[in-house]
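**Q** The following block contains the structure, expressed as structure tokens.
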Amino acid sequence: MIPELGHFALILALLLALVQGILPLVGAARNYPAWMAVAKPAARAQFLFVAFAFGCLAYSFLTLDFSVINVTRNSHSRLPEIYRFTATWGSHEGSMLLWTFILALWTMAVTLFSRHLPEDMMARVVGVMGLVSFGFLLFMLATSNPFLRMEMAMDGSDLNPLLQDPGMVVHPPILYMGYVGFSVAFAFAIAALLSGKLDASWARWSRPWTTAAWSFLTLGIMMGSWWAYYELGWGGWWFWDPVENASLMPWLVGTALIHSLAVTEKRGTFKAWTVFLAIGAFSLSLLGTFLVRSGVLSSVHSFATDPTRGLFILIFLLVVIGGSLLLFALRASQVGLGGRFALVSRESFLMVNNILLLTATGAVLLGTLYPLFLDALGLGKISVGPPYFNSVFVPLVTPLIFLSGIGPLARWKQVNVPELAARLKWGFGASVLVALLLPFTLGEWKPMVSLGYLLSLWIVVTVAIGVRGRMRTSAGWSANFYGMNLAHLGVAVTVIGVTMVSNYQTERNVRMEVGDTVTVQDYTFRFDGVKDMEGPNYKGARGTLEVSRNGKPVSTLHPEKRIYTASGMPFTESAIDYGLTRDLYTALGESLDGGAWSVRLFHKPFVVWIWIGAVLMALGGLLAITDRRYRTSRKKGSAEA
Amino acid sequence: MKLAMKSRHKKLLLVAVAVIALGAVAALVLNAFRSNLVFFFSPTQVVNGEAPRDRSFRIGGLVEDGSLRREKDGLTAHFRITDTAQTLPVTYTGLLPDLFKEGKGVVAEGRLNDSGVFVAQQVLAKHDENYMPPEAASALEQAQKAQKTLVAPQ
């Protein structure tokens with residue numbers, strides 16, 4: 001009964017999405033106020049039905065309704081309760097429902113928080129989001145119905161062990177909040193093209209939404225990276241896996257977009273470019289969904305290999321991307337050019353920022369799609385590994401980060417170069433000096449370490465100069481300004497983490513018998529053997545490693561080797577002693593003869609800085625959203641009173 | 001008037017710089033791309049000498065039953081990868097992935113040494129037990145096709 005209700009709710013949501021997509025857009029074009037007024041109620045009703053459907057699916061999972069195919073394939077009677085719930089979006093079908101649910105959530109949020117929008121703008125934005133939602137609902141109902149039933153099964157085949165992790169409770173929803181959040185920026189961009197109105201207030205409306213989506217995406221990627229680090233059992237934090245690239249590409253374009261939006265709001269320039277980026281960020285989000293969900297990629301995340309799904313998404317992509325780019329080509333010229341700026345100005349710095357970010361996106365796109373392309377044409381199988389991405393990324397990101405120090409200190413329109421140079425010379429000198437000398441204290445001097453420290457210190461110094469400058473002029477609190485600086489400091493923190501772990505990590509794979517000790521970077525690991533253990537839905541071996549440093553105990557780690565009962569899948573659960581300056585990472589390999597095991601013992605200096613930095617970036621974004629000027633127009637009456 | 005000229009010069013300069021920078025970046029990306037492509041070969045192709053000797057590549061197929069042997073250090077493994085037509089000896093030092101098993105699909109990246117042994121730097125087995133890596137599947141398929149064409153004329 002419950003699954004049927006969910007199915008029915010999806011069908012109603014589909015019809016509502018169609019109404020929400022068509023009436024307001026036609027109404028806005030023809031200026032029919034009654035039709036435009038349909039936007040909000042239709043969006044809210046659609047939200048209710050999608051949320052209801054989502055609730056139905058979650059209910060089926062929580063109550064282990066094994067007559068639902070989706071539940072049977074992805075759950076098990078012994079699966080712990082929390083993972084039964086998260087299994088709701090652990091499958092292809094469920095994740096599509098989550099996508100649609102979050103899209104409805106964002107639309108709902110727009111109707112609630114953007115009350116100051118003019119009627120026609122609201123109608124267009126909500127209408128565009130309704131059309132996107134219609135596409136996804138149709139896709140779900142036609143090819144990926146999460147509520148399909150079959151004969152009652154005895155028990156399920158369990159959730160993929162990799163997804164049975166607390167990280168998977170929050171990672172997909174947060175990541176989707178980011179992906180799908182760009183649909184708001186996209187809808188604003190399409191609305192601007194349709195109406196031909198693109199001014200500073202348009203940028204002010206769409207900026208907080210874009211920054212919010214970007215912050216969620218940043219957090220989502222950070223969680224994915226951290227999850228891969230501890231869950232895949234070999235201690236890497238970024239693999240340049242196509243699935244990761246699929247989330248990185250919209251992030252890079254989204255980063256370009258939030259910077260370009262700043263120019264559009266403050267100076268009225270980069271208008272068409274901003275619209276283009278908004279289309280690009282959302283298109284890449286869709287492409288990411290397509291890559292990950294259609295089974296094109298051979299990776300953990302590809303749940304299905306069903307060609308009709310692939311075809312549907314491909315057509316959907318063509319319609320959305322092709323249609324919006326066509327609209328862009330036809331209407332962009334009406335959007336106008338905006339203010340002029342000099343060769344050296346904040347605008348030009350931000351332009352270089354955008355160019356570098358887009359080039360990086362292009363490089364990732366090439367490395368991710370080219371192998372698929374060749375394969376599809378039957379021209380052979382190739383793969384593009386980390387060396388390519390690393391060798392491309394470092395030279396692109398280095399100037400990007402360096403300029404992100406200067407950009408915020410540069411004036412709009414025209415920079416007085418000698419003045420700016422005078423302001424920065426001491427900071428630059430100090431950064432260079434410290435960056436050159438500091439690596440000596442870390443044991444070994446490496447050029448890449450100095451480069452990493454230079455970039456990081458440079459950001460810290462320039463942020464300090466900027467903040468001090470602002471305090472002197474006593475311009476007062478600006479959430480936008482401090483948010484930006486916090487996010488830039490986050491970049492500095494991440495750069496330190498990447499630099500340290502890439503250059504100074506120690507990875508040892510050893511055979512250990514009970515009582516053996518191995519020393520890695522001052523830390524002595526003693527292997528105290530392995531005991532049998534039993535979890536709720538797995539059996540396994542639990543090892544004990546005593547870690548000490550100079551004779552003093554540091555921690556006791558229990559890496560596990562599990563075999564999940566239902567699927568028979570073996571699984572390595574790592575054990576990590578986290579620390580601000582180093583992680584001690586251990587994982588069990590295989591049982592060898594004589595009670596010995598092969599064991600991974602890794603020393604990862606500063607690795608948590610990578611994620612702390614990402615969290616700071618996201619927090620910076622969220623702080624910036626609270627800026628007063630995004631709210632003033634709504635509360636104009638009360639604020640001025 | 002003077003000012004206008006100046007701004008035009010600036011614009012020209014800007015365009016020139018942009019073109020040069022774009023060219024440099026494109027060269028950087030494409031060069032890195034070309035030198036880091038990893039090609040895939042099936043065991044049959046490797047045995048036929050089609051695989052490169054001087055750079056690393058990927059092979060895929062099934063881990064041959066009964067071929068896995070470990071050295072005393074517990075970390076160096078020797079096994080053979082087969083596409084059912086040909087087999088290739090492989091050696092790997094390190095911890096094998098969870099789903100590495102005899103009779104199951106596998107993909108390895110590495111190079112050939114002088115005695116024709118494939119020295120793997122990386123062994124990939126996918127995260128789902130029932131899932132065959134596409135490279136391994138394609139190697140098996142090719143071998144089957146080749147066998148069919150051999151059988152056909154008889």
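FYI, nothing fancy with the structure tokens labels: chains A, B, ... in order, residues from 1 per chain, ligands from 1 as they appear.
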Report as a PyMOL selection string the set of chain A residues whose atoms approach chain B to within 9 Å, with distances computed over only C-alpha atoms.
**A** chain A and resi 160+162+298-300+342-343+359+363+366-367+380-389+391-392+395-396+509-511+567-572+589-590+592-593+596-600
**Q** I'd like the contact shell of Ile82 of chain A - 12 Å cut-off, only C-alpha atoms, skipping same-chain residues fewer than 6 positions apart - returned as a VMD selection string.
**A** chain A and resid 58 61 to 62 75 88 159 163 to 170
**Q** Can I get the selected residues back with C-alpha atoms, as a short mmCIF file (atom, residue, chain, number, x, y, z; two decimals), in the first residue's frame?
**A**
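So part-v4.cif came out as:
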data_model
loop_
_atom_site.label_atom_id
_atom_site.label_comp_id
_atom_site.auth_asym_id
_atom_site.auth_seq_id
_atom_site.Cartn_x
_atom_site.Cartn_y
_atom_site.Cartn_z
CA ALA A 58 12.16 5.61 3.46
CA PHE A 61 13.28 0.68 3.74
CA LEU A 62 12.85 1.14 7.48
CA SER A 75 18.88 -3.83 2.29
CA THR A 88 16.91 4.87 0.72
CA LEU A 159 23.68 -2.64 1.03
CA LEU A 163 28.05 2.54 1.82
CA GLN A 164 27.54 1.17 5.33
CA ASP A 165 29.32 4.02 6.96
CA PRO A 166 28.24 7.07 8.96
CA GLY A 167 29.81 9.26 6.27
CA MET A 168 27.27 7.97 3.77
CA VAL A 169 24.47 9.27 5.96
CA VAL A 170 25.34 12.87 5.15
#
**Q** Which is closer to Arg149 of chain A than all the others in A:Leu317, A:Ile69, A:Leu377, A:Val501, using only C-alpha atoms?
**A**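 Among A:Leu317, A:Ile69, A:Leu377, A:Val501, it is A:Ile69 that comes nearest to Arg149 of chain A.
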**Q** If we count only C-alpha atoms, what is near Trp209 of chain A at a cut-off of 9 Å, once residues fewer than 6 positions away on the same chain are taken out, given as a list in words?
**A**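 Contacts, in chain order: Val110, Gly181, Phe182, Val184, Ala185 and Ile625 of chain A.
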**Q** Find the distance between atom CA of Glu244 of chain A and atom CA of Gly224 of chain A and write it in Å to one decimal.
**A**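 Calculated distance between atom CA of Glu244 of chain A and atom CA of Gly224 of chain A is 8.2 Å.
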**Q** Any idea what's packed within 7 Å of segment 10-17 of chain A, counting only C-alpha atoms, ignoring anything in its chain fewer than 2 positions away? Could you give it as a list in words?
**A**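 So, after excluding close chain neighbours, the residues are Gly6, His7, Phe8, Val19, Gln20, Gly21, Ala42, Gln46, Phe49, Val50, Ala53, Gly130, Leu131, Ser133, Phe134, Leu137 and Leu138 of chain A.
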**Q** What is the distance between atom CA of Ile20 of chain B and atom CA of Val394 of chain A, in Å to one decimal?
**A**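 Interatomic distance here is 19.1 Å.
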**Q** For atom CA of Val90 of chain B and atom CA of Asn503 of chain A, quote the distance in Å rounded to one decimal.
**A**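 The value is 29.7 Å.
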**Q** Tell me, as a PyMOL selection string, which residues lie within 6 Å of Pro559 of chain A, counting only C-alpha atoms; anything in the same chain fewer than 3 positions away does not count.
**A** chain A and resi 543+573-575+587
**Q** Using N, CA and C atoms, can you write the selected residues to a file as a PDB file, in the first residue's frame?
**A**
ATOM      1  N   GLY A 543      42.030  -6.635  14.445  1.00  0.00           N
ATOM      2  CA  GLY A 543      43.426  -6.602  14.847  1.00  0.00           C
ATOM      3  C   GLY A 543      43.654  -5.585  15.950  1.00  0.00           C
ATOM      4  N   GLU A 573      38.280  -2.435   6.995  1.00  0.00           N
ATOM      5  CA  GLU A 573      37.909  -1.241   7.753  1.00  0.00           C
ATOM      6  C   GLU A 573      39.191  -0.715   8.397  1.00  0.00           C
ATOM      7  N   SER A 574      39.599   0.469   7.976  1.00  0.00           N
ATOM      8  CA  SER A 574      40.857   0.994   8.496  1.00  0.00           C
ATOM      9  C   SER A 574      40.667   1.537   9.908  1.00  0.00           C
ATOM     10  N   ALA A 575      41.765   1.733  10.623  1.00  0.00           N
ATOM     11  CA  ALA A 575      41.709   2.371  11.941  1.00  0.00           C
ATOM     12  C   ALA A 575      42.715   3.509  11.924  1.00  0.00           C
ATOM     13  N   ALA A 587      45.645  -0.456   8.391  1.00  0.00           N
ATOM     14  CA  ALA A 587      44.627  -1.310   7.799  1.00  0.00           C
ATOM     15  C   ALA A 587      45.193  -2.713   7.680  1.00  0.00           C
TER      16      ALA A 587
END
**Q** Excluding Pro172 of chain A and any residue of its chain fewer than 6 positions from it, enumerate the residues within 9 Å of it, using only C-alpha atoms, and give them as number ranges by chain.
**A** A: 89-90, 95, 98, 220, 224
**Q** I need the chosen residues saved as a PDB file, in the first residue's frame, with C-alpha atoms.
**A**
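Generated file (part.pdb):
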ATOM      1  CA  TRP A  89      19.368   6.781  -1.434  1.00  0.00           C
ATOM      2  CA  GLY A  90      21.966   4.020  -1.710  1.00  0.00           C
ATOM      3  CA  SER A  95      19.333   8.593  -5.413  1.00  0.00           C
ATOM      4  CA  LEU A  98      16.758  12.209  -3.485  1.00  0.00           C
ATOM      5  CA  GLY A 220      29.971  17.390  -0.107  1.00  0.00           C
ATOM      6  CA  GLY A 224      33.558  12.329  -0.228  1.00  0.00           C
TER       7      GLY A 224
END
